[in-house]
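Trainee: Handing over final-v8.pdb, PDB, C-alpha atoms, pLDDT in the B column.
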ATOM      1  CA  MET A   1      84.719  94.497  18.734  1.00 38.00           C
ATOM      2  CA  ALA A   2      84.209  90.917  19.913  1.00 40.00           C
ATOM      3  CA  PHE A   3      84.083  88.178  17.332  1.00 39.00           C
ATOM      4  CA  ALA A   4      80.687  86.476  17.153  1.00 42.00           C
ATOM      5  CA  LEU A   5      79.969  83.151  15.525  1.00 46.00           C
ATOM      6  CA  PRO A   6      76.900  82.868  13.307  1.00 53.00           C
ATOM      7  CA  ASP A   7      73.955  81.412  15.196  1.00 59.00           C
ATOM      8  CA  GLU A   8      73.962  78.149  13.216  1.00 61.00           C
ATOM      9  CA  THR A   9      77.709  77.669  13.665  1.00 65.00           C
ATOM     10  CA  ALA A  10      77.416  78.312  17.393  1.00 66.00           C
ATOM     11  CA  ARG A  11      74.586  75.799  17.755  1.00 68.00           C
ATOM     12  CA  ARG A  12      76.429  73.157  15.769  1.00 66.00           C
ATOM     13  CA  SER A  13      79.608  73.720  17.771  1.00 69.00           C
ATOM     14  CA  ALA A  14      77.768  73.461  21.075  1.00 71.00           C
ATOM     15  CA  ALA A  15      76.053  70.244  19.984  1.00 69.00           C
ATOM     16  CA  ALA A  16      79.383  68.769  18.850  1.00 71.00           C
ATOM     17  CA  LEU A  17      80.967  69.581  22.219  1.00 75.00           C
ATOM     18  CA  VAL A  18      78.345  67.352  23.830  1.00 77.00           C
ATOM     19  CA  LEU A  19      77.936  64.584  21.247  1.00 81.00           C
ATOM     20  CA  ILE A  20      81.570  63.875  20.352  1.00 85.00           C
ATOM     21  CA  PRO A  21      82.810  63.329  23.938  1.00 89.00           C
ATOM     22  CA  ALA A  22      79.757  61.170  24.680  1.00 91.00           C
ATOM     23  CA  ALA A  23      80.460  58.934  21.689  1.00 91.00           C
ATOM     24  CA  VAL A  24      84.181  58.710  22.444  1.00 91.00           C
ATOM     25  CA  LEU A  25      83.539  57.794  26.073  1.00 95.00           C
ATOM     26  CA  ALA A  26      81.038  55.120  25.047  1.00 95.00           C
ATOM     27  CA  VAL A  27      83.507  53.608  22.560  1.00 95.00           C
ATOM     28  CA  TRP A  28      86.269  53.692  25.143  1.00 95.00           C
ATOM     29  CA  ALA A  29      84.097  52.056  27.815  1.00 95.00           C
ATOM     30  CA  GLY A  30      83.219  49.128  25.547  1.00 92.00           C
ATOM     31  CA  THR A  31      80.775  46.430  26.670  1.00 91.00           C
ATOM     32  CA  PRO A  32      78.011  46.985  27.726  1.00 93.00           C
ATOM     33  CA  VAL A  33      78.138  50.791  27.482  1.00 96.00           C
ATOM     34  CA  TRP A  34      78.858  50.884  23.752  1.00 95.00           C
ATOM     35  CA  GLU A  35      76.098  48.408  22.919  1.00 95.00           C
ATOM     36  CA  SER A  36      73.631  50.377  25.051  1.00 95.00           C
ATOM     37  CA  PHE A  37      74.717  53.628  23.404  1.00 96.00           C
ATOM     38  CA  VAL A  38      74.204  52.254  19.891  1.00 96.00           C
ATOM     39  CA  LEU A  39      70.864  50.604  20.688  1.00 95.00           C
ATOM     40  CA  ALA A  40      69.588  53.809  22.309  1.00 95.00           C
ATOM     41  CA  GLY A  41      70.548  55.611  19.111  1.00 95.00           C
ATOM     42  CA  ALA A  42      68.692  52.997  17.048  1.00 95.00           C
ATOM     43  CA  LEU A  43      65.618  53.562  19.211  1.00 94.00           C
ATOM     44  CA  LEU A  44      65.697  57.327  18.633  1.00 94.00           C
ATOM     45  CA  ALA A  45      66.422  56.860  14.938  1.00 95.00           C
ATOM     46  CA  GLY A  46      63.471  54.473  14.627  1.00 93.00           C
ATOM     47  CA  ARG A  47      61.147  57.106  16.034  1.00 94.00           C
ATOM     48  CA  GLU A  48      62.485  59.729  13.652  1.00 94.00           C
ATOM     49  CA  TRP A  49      62.147  57.457  10.630  1.00 94.00           C
ATOM     50  CA  ALA A  50      58.552  56.593  11.485  1.00 90.00           C
ATOM     51  CA  SER A  51      57.748  60.266  12.101  1.00 92.00           C
ATOM     52  CA  MET A  52      58.887  61.009   8.554  1.00 92.00           C
ATOM     53  CA  ALA A  53      57.649  57.912   6.734  1.00 88.00           C
ATOM     54  CA  ALA A  54      54.402  57.037   8.537  1.00 85.00           C
ATOM     55  CA  PRO A  55      53.450  59.357  11.428  1.00 87.00           C
ATOM     56  CA  ASP A  56      50.400  57.219  12.201  1.00 85.00           C
ATOM     57  CA  ALA A  57      52.645  54.218  12.929  1.00 83.00           C
ATOM     58  CA  VAL A  58      55.199  55.868  15.221  1.00 86.00           C
ATOM     59  CA  ARG A  59      54.167  54.000  18.373  1.00 84.00           C
ATOM     60  CA  ALA A  60      54.091  50.632  16.649  1.00 81.00           C
ATOM     61  CA  PHE A  61      57.386  51.106  14.813  1.00 84.00           C
ATOM     62  CA  THR A  62      59.712  53.029  17.143  1.00 88.00           C
ATOM     63  CA  ALA A  63      61.348  50.048  18.892  1.00 89.00           C
ATOM     64  CA  ILE A  64      61.530  47.720  15.865  1.00 86.00           C
ATOM     65  CA  PRO A  65      64.921  48.891  14.458  1.00 89.00           C
ATOM     66  CA  ALA A  66      66.484  48.729  17.931  1.00 91.00           C
ATOM     67  CA  ALA A  67      65.059  45.246  18.465  1.00 88.00           C
ATOM     68  CA  ALA A  68      66.442  44.116  15.102  1.00 86.00           C
ATOM     69  CA  SER A  69      69.823  45.661  15.945  1.00 89.00           C
ATOM     70  CA  ALA A  70      69.889  43.756  19.232  1.00 88.00           C
ATOM     71  CA  SER A  71      70.024  40.501  17.253  1.00 85.00           C
ATOM     72  CA  VAL A  72      73.782  41.081  17.002  1.00 86.00           C
ATOM     73  CA  LEU A  73      73.938  40.219  20.702  1.00 87.00           C
ATOM     74  CA  LEU A  74      72.522  36.731  20.115  1.00 81.00           C
ATOM     75  CA  PRO A  75      75.048  33.879  20.500  1.00 80.00           C
ATOM     76  CA  VAL A  76      74.537  32.728  16.898  1.00 70.00           C
ATOM     77  CA  PRO A  77      76.568  33.111  13.671  1.00 74.00           C
ATOM     78  CA  THR A  78      76.679  36.499  11.947  1.00 70.00           C
ATOM     79  CA  VAL A  79      74.625  35.218   9.022  1.00 71.00           C
ATOM     80  CA  ALA A  80      71.844  34.225  11.419  1.00 76.00           C
ATOM     81  CA  GLN A  81      71.971  37.640  13.090  1.00 73.00           C
ATOM     82  CA  ALA A  82      71.615  39.394   9.722  1.00 74.00           C
ATOM     83  CA  ALA A  83      68.751  37.050   8.820  1.00 78.00           C
ATOM     84  CA  VAL A  84      66.930  38.048  12.012  1.00 79.00           C
ATOM     85  CA  ALA A  85      67.337  41.728  11.144  1.00 76.00           C
ATOM     86  CA  LEU A  86      66.117  41.245   7.567  1.00 75.00           C
ATOM     87  CA  GLY A  87      63.232  39.082   8.770  1.00 79.00           C
ATOM     88  CA  THR A  88      62.255  41.804  11.212  1.00 78.00           C
ATOM     89  CA  ALA A  89      62.258  44.322   8.364  1.00 76.00           C
ATOM     90  CA  LEU A  90      60.005  42.099   6.273  1.00 74.00           C
ATOM     91  CA  ALA A  91      57.649  41.532   9.213  1.00 77.00           C
ATOM     92  CA  ALA A  92      57.475  45.271   9.878  1.00 74.00           C
ATOM     93  CA  GLY A  93      56.573  45.967   6.268  1.00 72.00           C
ATOM     94  CA  LEU A  94      53.897  43.272   6.174  1.00 70.00           C
ATOM     95  CA  CYS A  95      52.333  43.960   9.550  1.00 70.00           C
ATOM     96  CA  LEU A  96      52.334  47.756   9.273  1.00 69.00           C
ATOM     97  CA  ARG A  97      51.755  47.707   5.511  1.00 72.00           C
ATOM     98  CA  ARG A  98      54.431  50.313   4.851  1.00 77.00           C
ATOM     99  CA  ARG A  99      57.340  49.477   2.567  1.00 82.00           C
ATOM    100  CA  ALA A 100      59.109  52.608   3.795  1.00 85.00           C
ATOM    101  CA  LEU A 101      59.063  51.251   7.347  1.00 85.00           C
ATOM    102  CA  ALA A 102      60.644  47.986   6.235  1.00 83.00           C
ATOM    103  CA  VAL A 103      63.360  50.024   4.501  1.00 87.00           C
ATOM    104  CA  GLY A 104      63.832  51.938   7.743  1.00 89.00           C
ATOM    105  CA  VAL A 105      64.502  48.739   9.697  1.00 87.00           C
ATOM    106  CA  ILE A 106      67.278  47.744   7.297  1.00 87.00           C
ATOM    107  CA  TYR A 107      68.645  51.279   7.006  1.00 92.00           C
ATOM    108  CA  ILE A 108      68.998  51.657  10.775  1.00 93.00           C
ATOM    109  CA  SER A 109      69.492  48.156  12.156  1.00 90.00           C
ATOM    110  CA  LEU A 110      72.173  46.697   9.869  1.00 88.00           C
ATOM    111  CA  PRO A 111      74.624  49.619  10.332  1.00 93.00           C
ATOM    112  CA  ALA A 112      73.870  49.611  14.070  1.00 94.00           C
ATOM    113  CA  MET A 113      74.742  45.923  14.168  1.00 90.00           C
ATOM    114  CA  CYS A 114      77.979  46.749  12.328  1.00 92.00           C
ATOM    115  CA  LEU A 115      78.870  49.454  14.869  1.00 95.00           C
ATOM    116  CA  ILE A 116      78.406  47.015  17.735  1.00 93.00           C
ATOM    117  CA  ALA A 117      80.339  44.236  16.017  1.00 91.00           C
ATOM    118  CA  LEU A 118      83.233  46.473  14.927  1.00 93.00           C
ATOM    119  CA  ARG A 119      83.975  47.315  18.559  1.00 94.00           C
ATOM    120  CA  ARG A 120      84.731  43.628  19.184  1.00 91.00           C
ATOM    121  CA  GLN A 121      88.387  42.729  18.975  1.00 88.00           C
ATOM    122  CA  GLU A 122      87.933  40.111  16.258  1.00 85.00           C
ATOM    123  CA  PHE A 123      86.667  42.779  13.860  1.00 86.00           C
ATOM    124  CA  GLY A 124      89.031  45.590  14.820  1.00 85.00           C
ATOM    125  CA  GLY A 125      88.088  46.729  18.303  1.00 92.00           C
ATOM    126  CA  LEU A 126      88.572  50.154  19.827  1.00 94.00           C
ATOM    127  CA  GLU A 127      91.161  51.358  17.310  1.00 94.00           C
ATOM    128  CA  LEU A 128      88.989  50.650  14.270  1.00 95.00           C
ATOM    129  CA  VAL A 129      85.896  52.358  15.690  1.00 96.00           C
ATOM    130  CA  VAL A 130      87.955  55.400  16.702  1.00 96.00           C
ATOM    131  CA  TRP A 131      89.392  55.462  13.169  1.00 96.00           C
ATOM    132  CA  LEU A 132      85.893  55.275  11.674  1.00 96.00           C
ATOM    133  CA  LEU A 133      84.525  58.060  13.869  1.00 96.00           C
ATOM    134  CA  ALA A 134      87.496  60.314  13.103  1.00 96.00           C
ATOM    135  CA  VAL A 135      87.104  59.810   9.342  1.00 97.00           C
ATOM    136  CA  ILE A 136      83.347  60.434   9.348  1.00 96.00           C
ATOM    137  CA  TRP A 137      83.514  63.457  11.640  1.00 94.00           C
ATOM    138  CA  ALA A 138      86.390  65.025   9.707  1.00 94.00           C
ATOM    139  CA  GLY A 139      84.565  64.489   6.420  1.00 94.00           C
ATOM    140  CA  ASP A 140      81.287  65.873   7.761  1.00 91.00           C
ATOM    141  CA  ILE A 141      82.831  68.995   9.271  1.00 91.00           C
ATOM    142  CA  ALA A 142      85.042  69.761   6.278  1.00 92.00           C
ATOM    143  CA  ALA A 143      82.217  69.197   3.780  1.00 91.00           C
ATOM    144  CA  TRP A 144      79.947  71.580   5.674  1.00 88.00           C
ATOM    145  CA  TRP A 145      82.642  74.247   6.045  1.00 88.00           C
ATOM    146  CA  THR A 146      84.059  74.135   2.515  1.00 91.00           C
ATOM    147  CA  GLY A 147      80.607  74.012   0.986  1.00 86.00           C
ATOM    148  CA  ARG A 148      79.576  77.167   2.834  1.00 84.00           C
ATOM    149  CA  ARG A 149      82.915  78.871   2.229  1.00 86.00           C
ATOM    150  CA  PHE A 150      83.384  78.189  -1.489  1.00 86.00           C
ATOM    151  CA  GLY A 151      79.910  77.313  -2.761  1.00 79.00           C
ATOM    152  CA  GLY A 152      79.805  76.539  -6.467  1.00 85.00           C
ATOM    153  CA  PRO A 153      77.873  73.959  -8.499  1.00 85.00           C
ATOM    154  CA  LYS A 154      75.360  71.826  -6.665  1.00 87.00           C
ATOM    155  CA  LEU A 155      76.142  68.166  -6.122  1.00 83.00           C
ATOM    156  CA  ALA A 156      72.620  66.735  -6.370  1.00 84.00           C
ATOM    157  CA  PRO A 157      70.080  69.587  -6.270  1.00 82.00           C
ATOM    158  CA  SER A 158      67.062  67.319  -6.688  1.00 81.00           C
ATOM    159  CA  TRP A 159      68.061  65.397  -3.547  1.00 82.00           C
ATOM    160  CA  SER A 160      69.869  67.954  -1.421  1.00 82.00           C
ATOM    161  CA  PRO A 161      69.836  71.577  -2.655  1.00 80.00           C
ATOM    162  CA  GLY A 162      72.506  72.698  -0.177  1.00 82.00           C
ATOM    163  CA  LYS A 163      75.298  70.253  -1.039  1.00 86.00           C
ATOM    164  CA  THR A 164      78.029  71.327  -3.455  1.00 88.00           C
ATOM    165  CA  TRP A 165      80.915  69.718  -5.315  1.00 91.00           C
ATOM    166  CA  SER A 166      83.309  71.898  -3.335  1.00 91.00           C
ATOM    167  CA  GLY A 167      81.868  70.503  -0.112  1.00 91.00           C
ATOM    168  CA  LEU A 168      82.301  66.945  -1.404  1.00 93.00           C
ATOM    169  CA  ALA A 169      85.917  67.616  -2.369  1.00 94.00           C
ATOM    170  CA  GLY A 170      86.701  69.187   1.001  1.00 93.00           C
ATOM    171  CA  GLY A 171      85.008  66.366   2.861  1.00 94.00           C
ATOM    172  CA  LEU A 172      86.862  63.639   0.953  1.00 96.00           C
ATOM    173  CA  ALA A 173      90.218  65.357   1.450  1.00 96.00           C
ATOM    174  CA  ALA A 174      89.607  65.696   5.184  1.00 96.00           C
ATOM    175  CA  ALA A 175      88.408  62.088   5.460  1.00 96.00           C
ATOM    176  CA  GLY A 176      91.557  60.845   3.730  1.00 96.00           C
ATOM    177  CA  LEU A 177      93.839  62.949   5.926  1.00 97.00           C
ATOM    178  CA  ALA A 178      92.027  61.851   9.076  1.00 96.00           C
ATOM    179  CA  GLY A 179      92.298  58.220   7.992  1.00 95.00           C
ATOM    180  CA  ALA A 180      96.035  58.565   7.407  1.00 96.00           C
ATOM    181  CA  THR A 181      96.656  60.449  10.654  1.00 96.00           C
ATOM    182  CA  VAL A 182      94.765  58.061  12.914  1.00 95.00           C
ATOM    183  CA  SER A 183      96.279  55.030  11.186  1.00 94.00           C
ATOM    184  CA  MET A 184      99.786  56.350  11.832  1.00 94.00           C
ATOM    185  CA  LEU A 185      98.881  57.071  15.450  1.00 93.00           C
ATOM    186  CA  PHE A 186      98.060  53.374  15.720  1.00 92.00           C
ATOM    187  CA  ASP A 187     101.353  52.414  13.993  1.00 90.00           C
ATOM    188  CA  ALA A 188      99.596  51.407  10.784  1.00 89.00           C
ATOM    189  CA  PRO A 189     100.571  52.505   7.230  1.00 89.00           C
ATOM    190  CA  GLY A 190      99.474  56.054   6.523  1.00 91.00           C
ATOM    191  CA  GLY A 191      99.004  55.409   2.807  1.00 91.00           C
ATOM    192  CA  ALA A 192      96.526  52.611   3.410  1.00 91.00           C
ATOM    193  CA  GLY A 193      94.765  54.765   5.991  1.00 93.00           C
ATOM    194  CA  PHE A 194      94.475  57.620   3.498  1.00 95.00           C
ATOM    195  CA  ALA A 195      93.045  55.379   0.771  1.00 94.00           C
ATOM    196  CA  ALA A 196      90.596  53.797   3.193  1.00 94.00           C
ATOM    197  CA  GLY A 197      89.650  57.234   4.511  1.00 95.00           C
ATOM    198  CA  LEU A 198      88.812  58.400   0.983  1.00 96.00           C
ATOM    199  CA  LEU A 199      86.657  55.327   0.425  1.00 96.00           C
ATOM    200  CA  ILE A 200      84.798  55.624   3.724  1.00 96.00           C
ATOM    201  CA  GLY A 201      84.444  59.379   3.202  1.00 96.00           C
ATOM    202  CA  ALA A 202      82.795  58.672  -0.153  1.00 96.00           C
ATOM    203  CA  ALA A 203      80.499  56.097   1.472  1.00 96.00           C
ATOM    204  CA  GLY A 204      79.591  58.648   4.138  1.00 95.00           C
ATOM    205  CA  ALA A 205      78.785  61.263   1.493  1.00 95.00           C
ATOM    206  CA  ALA A 206      76.559  58.732  -0.288  1.00 95.00           C
ATOM    207  CA  GLY A 207      74.805  57.969   3.005  1.00 94.00           C
ATOM    208  CA  ASP A 208      74.236  61.668   3.555  1.00 93.00           C
ATOM    209  CA  LEU A 209      72.703  62.012   0.092  1.00 92.00           C
ATOM    210  CA  PHE A 210      70.517  58.951   0.620  1.00 93.00           C
ATOM    211  CA  GLU A 211      69.048  60.374   3.818  1.00 92.00           C
ATOM    212  CA  SER A 212      68.513  63.741   2.101  1.00 91.00           C
ATOM    213  CA  ALA A 213      66.703  62.019  -0.757  1.00 91.00           C
ATOM    214  CA  CYS A 214      64.491  60.177   1.742  1.00 92.00           C
ATOM    215  CA  LYS A 215      63.608  63.440   3.465  1.00 91.00           C
ATOM    216  CA  ARG A 216      62.664  64.973   0.111  1.00 90.00           C
ATOM    217  CA  ARG A 217      60.534  61.916  -0.598  1.00 90.00           C
ATOM    218  CA  PHE A 218      58.790  62.281   2.766  1.00 90.00           C
ATOM    219  CA  GLY A 219      58.435  66.057   2.400  1.00 90.00           C
ATOM    220  CA  VAL A 220      60.418  67.111   5.481  1.00 89.00           C
ATOM    221  CA  LYS A 221      63.479  69.342   5.938  1.00 86.00           C
ATOM    222  CA  ASP A 222      64.978  67.565   8.972  1.00 84.00           C
ATOM    223  CA  SER A 223      64.490  64.110  10.423  1.00 87.00           C
ATOM    224  CA  GLY A 224      63.710  65.707  13.796  1.00 82.00           C
ATOM    225  CA  HIS A 225      64.634  68.489  16.193  1.00 82.00           C
ATOM    226  CA  LEU A 226      66.695  66.608  18.744  1.00 79.00           C
ATOM    227  CA  ILE A 227      70.073  68.267  18.107  1.00 75.00           C
ATOM    228  CA  PRO A 228      70.367  72.082  17.891  1.00 67.00           C
ATOM    229  CA  GLY A 229      71.899  73.165  14.600  1.00 62.00           C
ATOM    230  CA  HIS A 230      71.758  69.626  13.179  1.00 66.00           C
ATOM    231  CA  GLY A 231      68.096  68.613  13.170  1.00 79.00           C
ATOM    232  CA  GLY A 232      67.404  65.035  14.169  1.00 87.00           C
ATOM    233  CA  LEU A 233      69.711  62.172  15.092  1.00 92.00           C
ATOM    234  CA  LEU A 234      69.475  60.699  11.589  1.00 93.00           C
ATOM    235  CA  ASP A 235      70.647  64.025  10.190  1.00 89.00           C
ATOM    236  CA  ARG A 236      73.772  63.654  12.302  1.00 89.00           C
ATOM    237  CA  VAL A 237      74.554  59.949  11.793  1.00 93.00           C
ATOM    238  CA  ASP A 238      73.520  59.397   8.157  1.00 92.00           C
ATOM    239  CA  ALA A 239      77.160  59.336   7.010  1.00 94.00           C
ATOM    240  CA  LEU A 240      78.185  57.149   9.961  1.00 96.00           C
ATOM    241  CA  LEU A 241      75.555  54.518   9.120  1.00 96.00           C
ATOM    242  CA  ALA A 242      76.867  54.140   5.582  1.00 96.00           C
ATOM    243  CA  GLY A 243      80.471  54.318   6.743  1.00 96.00           C
ATOM    244  CA  ALA A 244      79.982  51.605   9.377  1.00 96.00           C
ATOM    245  CA  ALA A 245      78.379  49.223   6.897  1.00 94.00           C
ATOM    246  CA  THR A 246      81.195  49.807   4.392  1.00 95.00           C
ATOM    247  CA  VAL A 247      83.922  49.290   6.994  1.00 95.00           C
ATOM    248  CA  MET A 248      82.291  46.049   8.069  1.00 91.00           C
ATOM    249  CA  LEU A 249      82.214  44.773   4.484  1.00 89.00           C
ATOM    250  CA  LEU A 250      85.875  45.620   3.993  1.00 89.00           C
ATOM    251  CA  THR A 251      86.893  44.217   7.366  1.00 88.00           C
ATOM    252  CA  ALA A 252      85.032  40.980   6.746  1.00 82.00           C
ATOM    253  CA  SER A 253      86.933  40.662   3.471  1.00 82.00           C
ATOM    254  CA  GLY A 254      90.224  40.822   5.367  1.00 80.00           C
ATOM    255  CA  TRP A 255      91.280  44.421   4.735  1.00 77.00           C
ATOM    256  CA  ARG A 256      93.141  46.012   7.690  1.00 71.00           C
ATOM    257  CA  TRP A 257      94.381  49.571   7.955  1.00 67.00           C
ATOM    258  CA  THR A 258      94.708  50.119  11.732  1.00 63.00           C
TER     259      THR A 258
END
For this file, write the structure as structure tokens.
Mentor:
Amino acid sequence: MAFALPDETARRSAAALVLIPAAVLAVWAGTPVWESFVLAGALLAGREWASMAAPDAVRAFTAIPAAASASVLLPVPTVAQAAVALGTALAAGLCLRRRALAVGVIYISLPAMCLIALRRQEFGGLELVVWLLAVIWAGDIAAWWTGRRFGGPKLAPSWSPGKTWSGLAGGLAAAGLAGATVSMLFDAPGGAGFAAGLLIGAAGAAGDLFESACKRRFGVKDSGHLIPGHGGLLDRVDALLAGAATVMLLTASGWRWT
């Protein structure tokens, strides 16, 4: 008898076969493909956030996070770029009279700015972004698989009823191993890569929980229906957003592991 994957697993696998190569190719291509890829994602994420937080303001809000993210392309200091993004968030909240929309600008645009900046050689370049993607993807996949396989006590049932402590443990272990493996591939210390992988895996798990809590607050199950088996784009990149912001903070402080 032929082996058949569960419907959800098959859908998730098919989506991953499309999304992962697309992201890797965009990272590899660099400027301007990577910037365009990230800003397009910010545009889609902005629409999803508005659809959850304030459906009546979708048209007015959709492009705001992408526009704020694009401030990283301005030829001004990083502090000024961040100020533009935060100012855009404040303006969105005041003009549209929705605090949740202002939160959405910060939640989407600042990590998107980090993703664009990290691809630049002065912050780490191709190797660092590949490292980040490997850690986040490994953590996501392992957390989903171990959580379904072993079950057990819930991690935060009031925020995300499906997440378990076993899934968190599996995800962190995989993130650490991925961090060590990719670091060694780039001739960097495996121990530092493992430690950094654990830290970024934990940040990714926190980002996942934050997005789940927001969905509960907004009364929706998924952020959208763009990706079969995953829901919306935000459902797929919630860990990456938190991971990118954390990597940027560590990188700016001088920490190097690739």
Trainee: Can you list, as a VMD selection string, every protein, DNA or RNA residue that comes within 12 Å of Arg236 (chain A) when you count all atoms listed in the file, leaving out same-chain residues fewer than 4 positions away?
Mentor: chain A and resid 12 15 to 16 19 to 20 41 45 136 to 137 140 to 141 204 207 to 208 211 to 212 222 to 232 240 to 241
Trainee: Compare A:Arg120, A:Ala134, A:Ala205, A:Gly190 by their minimum atom-to-atom distance to Lys163 (chain A), counting all atoms listed in the file, and give me the closest one.
Mentor: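 Checking each of A:Arg120, A:Ala134, A:Ala205, A:Gly190 against Lys163 (chain A), counting all atoms listed in the file, the winner is A:Ala205.
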Trainee: To one decimal in Å, tell me the separation between CA of Ala63 (chain A) and CA of Leu43 (chain A).
Mentor: 5.5 Å
Trainee: Exactly which residues make up the result of the PyMOL selection byres ((chain A and resi 82-92) around 12) on this file, given as an NGL selection string?
Mentor: :A and (46 or 50 or 57 or 60-74 or 76-81 or 93-114 or 117)
Trainee: Tell me which of A:Ala169, A:Ala42, A:Met248, A:Ala156 sits closest to Phe210 (chain A), counting all atoms listed in the file.
Mentor: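 Closest to Phe210 (chain A) of all the choices is A:Ala156.
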Trainee: In Å, how far is it from CA of Gly219 (chain A) to CA of Gly162 (chain A)?
Mentor: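 Here the two named atoms are 15.8 Å from each other.
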Trainee: May I ask which of the residues A:Leu234, A:Ala192, A:Ala213, A:Leu249 is the closest one to Leu44 (chain A), counting only C-alpha atoms?
Mentor: A:Leu234
Trainee: How many Å lie between CA of Val27 (chain A) and CA of Gly167 (chain A), rounded to one decimal?
Mentor: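 It comes out at 28.3 Å.
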Trainee: Which polymer residues, whether protein, DNA or RNA, lie within 9 Å of the coordinate (92.0, 66.0, 3.0) when you count all atoms listed in the file? List them as a ChimeraX atom specification, using the chain letters and numbers from the file.
Mentor: /A:138-139,142,169-178,194,198
Trainee: Give me the residues near Ala196 (chain A) as a list in words, where near means some atom within 9 Å (using only C-alpha atoms) and where sequence neighbours in that chain fewer than 4 positions away do not count.
Mentor: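 Residues near the query, excluding close chain neighbours: Ala175, Gly176, Gly179, Ala180, Gly191, Ala192, Ile200, Gly201, Val247 and Trp257 of chain A.
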Trainee: Considering all atoms listed in the file, state which residue in the set A:Glu122, A:Glu127, A:Asp238, A:Asp187 is at the smallest distance from Ala252 (chain A).
Mentor: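 Result for the nearest residue to Ala252 (chain A): A:Glu122.
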Trainee: Counting all atoms listed in the file, which of A:Leu199, A:Leu209, A:Leu128, A:Val38 gets nearest to Pro157 (chain A)?
Mentor: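 Nearest candidate to Pro157 (chain A) out of A:Leu199, A:Leu209, A:Leu128, A:Val38: A:Leu209.
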Trainee: Translate the PyMOL selection byres ((chain A and resi 164) around 9), as applied to the file shown, into an explicit residue set as a CSV table (one decimal) with C-alpha atoms, in the frame of the given file.
Mentor:
chain,number,residue,atom,x,y,z
A,143,ALA,CA,82.2,69.2,3.8
A,146,THR,CA,84.1,74.1,2.5
A,147,GLY,CA,80.6,74.0,1.0
A,148,ARG,CA,79.6,77.2,2.8
A,150,PHE,CA,83.4,78.2,-1.5
A,151,GLY,CA,79.9,77.3,-2.8
A,152,GLY,CA,79.8,76.5,-6.5
A,153,PRO,CA,77.9,74.0,-8.5
A,154,LYS,CA,75.4,71.8,-6.7
A,155,LEU,CA,76.1,68.2,-6.1
A,156,ALA,CA,72.6,66.7,-6.4
A,157,PRO,CA,70.1,69.6,-6.3
A,161,PRO,CA,69.8,71.6,-2.7
A,162,GLY,CA,72.5,72.7,-0.2
A,163,LYS,CA,75.3,70.3,-1.0
A,165,TRP,CA,80.9,69.7,-5.3
A,166,SER,CA,83.3,71.9,-3.3
A,167,GLY,CA,81.9,70.5,-0.1
A,168,LEU,CA,82.3,66.9,-1.4
A,169,ALA,CA,85.9,67.6,-2.4
Trainee: Atoms are missing here; could region 184-195 of chain A be completed with N, CA and C atoms and written as a PDB file, keeping the file's coordinate frame?
Mentor:
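result-v4.pdb written:
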ATOM      1  N   MET A 184      98.398  56.217  11.396  1.00 94.00           N
ATOM      2  CA  MET A 184      99.786  56.350  11.832  1.00 94.00           C
ATOM      3  C   MET A 184      99.889  56.439  13.350  1.00 94.00           C
ATOM      4  N   LEU A 185      98.892  57.042  13.992  1.00 93.00           N
ATOM      5  CA  LEU A 185      98.881  57.071  15.450  1.00 93.00           C
ATOM      6  C   LEU A 185      98.809  55.662  16.031  1.00 93.00           C
ATOM      7  N   PHE A 186      98.177  54.762  15.281  1.00 92.00           N
ATOM      8  CA  PHE A 186      98.060  53.374  15.720  1.00 92.00           C
ATOM      9  C   PHE A 186      99.135  52.496  15.090  1.00 92.00           C
ATOM     10  N   ASP A 187     100.215  53.138  14.587  1.00 90.00           N
ATOM     11  CA  ASP A 187     101.353  52.414  13.993  1.00 90.00           C
ATOM     12  C   ASP A 187     100.959  51.574  12.790  1.00 90.00           C
ATOM     13  N   ALA A 188     100.007  52.066  12.023  1.00 89.00           N
ATOM     14  CA  ALA A 188      99.596  51.407  10.784  1.00 89.00           C
ATOM     15  C   ALA A 188     100.035  52.282   9.605  1.00 89.00           C
ATOM     16  N   PRO A 189     100.124  51.730   8.395  1.00 89.00           N
ATOM     17  CA  PRO A 189     100.571  52.505   7.230  1.00 89.00           C
ATOM     18  C   PRO A 189      99.657  53.693   6.929  1.00 89.00           C
ATOM     19  N   GLY A 190     100.264  54.863   6.805  1.00 91.00           N
ATOM     20  CA  GLY A 190      99.474  56.054   6.523  1.00 91.00           C
ATOM     21  C   GLY A 190      98.850  56.047   5.143  1.00 91.00           C
ATOM     22  N   GLY A 191      99.548  55.460   4.165  1.00 91.00           N
ATOM     23  CA  GLY A 191      99.004  55.409   2.807  1.00 91.00           C
ATOM     24  C   GLY A 191      97.725  54.596   2.736  1.00 91.00           C
ATOM     25  N   ALA A 192      97.728  53.443   3.392  1.00 91.00           N
ATOM     26  CA  ALA A 192      96.526  52.611   3.410  1.00 91.00           C
ATOM     27  C   ALA A 192      95.401  53.320   4.156  1.00 91.00           C
ATOM     28  N   GLY A 193      95.771  54.022   5.239  1.00 93.00           N
ATOM     29  CA  GLY A 193      94.765  54.765   5.991  1.00 93.00           C
ATOM     30  C   GLY A 193      94.152  55.880   5.167  1.00 93.00           C
ATOM     31  N   PHE A 194      94.986  56.544   4.358  1.00 95.00           N
ATOM     32  CA  PHE A 194      94.475  57.620   3.498  1.00 95.00           C
ATOM     33  C   PHE A 194      93.509  57.071   2.452  1.00 95.00           C
ATOM     34  N   ALA A 195      93.903  55.977   1.792  1.00 94.00           N
ATOM     35  CA  ALA A 195      93.045  55.379   0.771  1.00 94.00           C
ATOM     36  C   ALA A 195      91.721  54.915   1.368  1.00 94.00           C
TER      37      ALA A 195
END
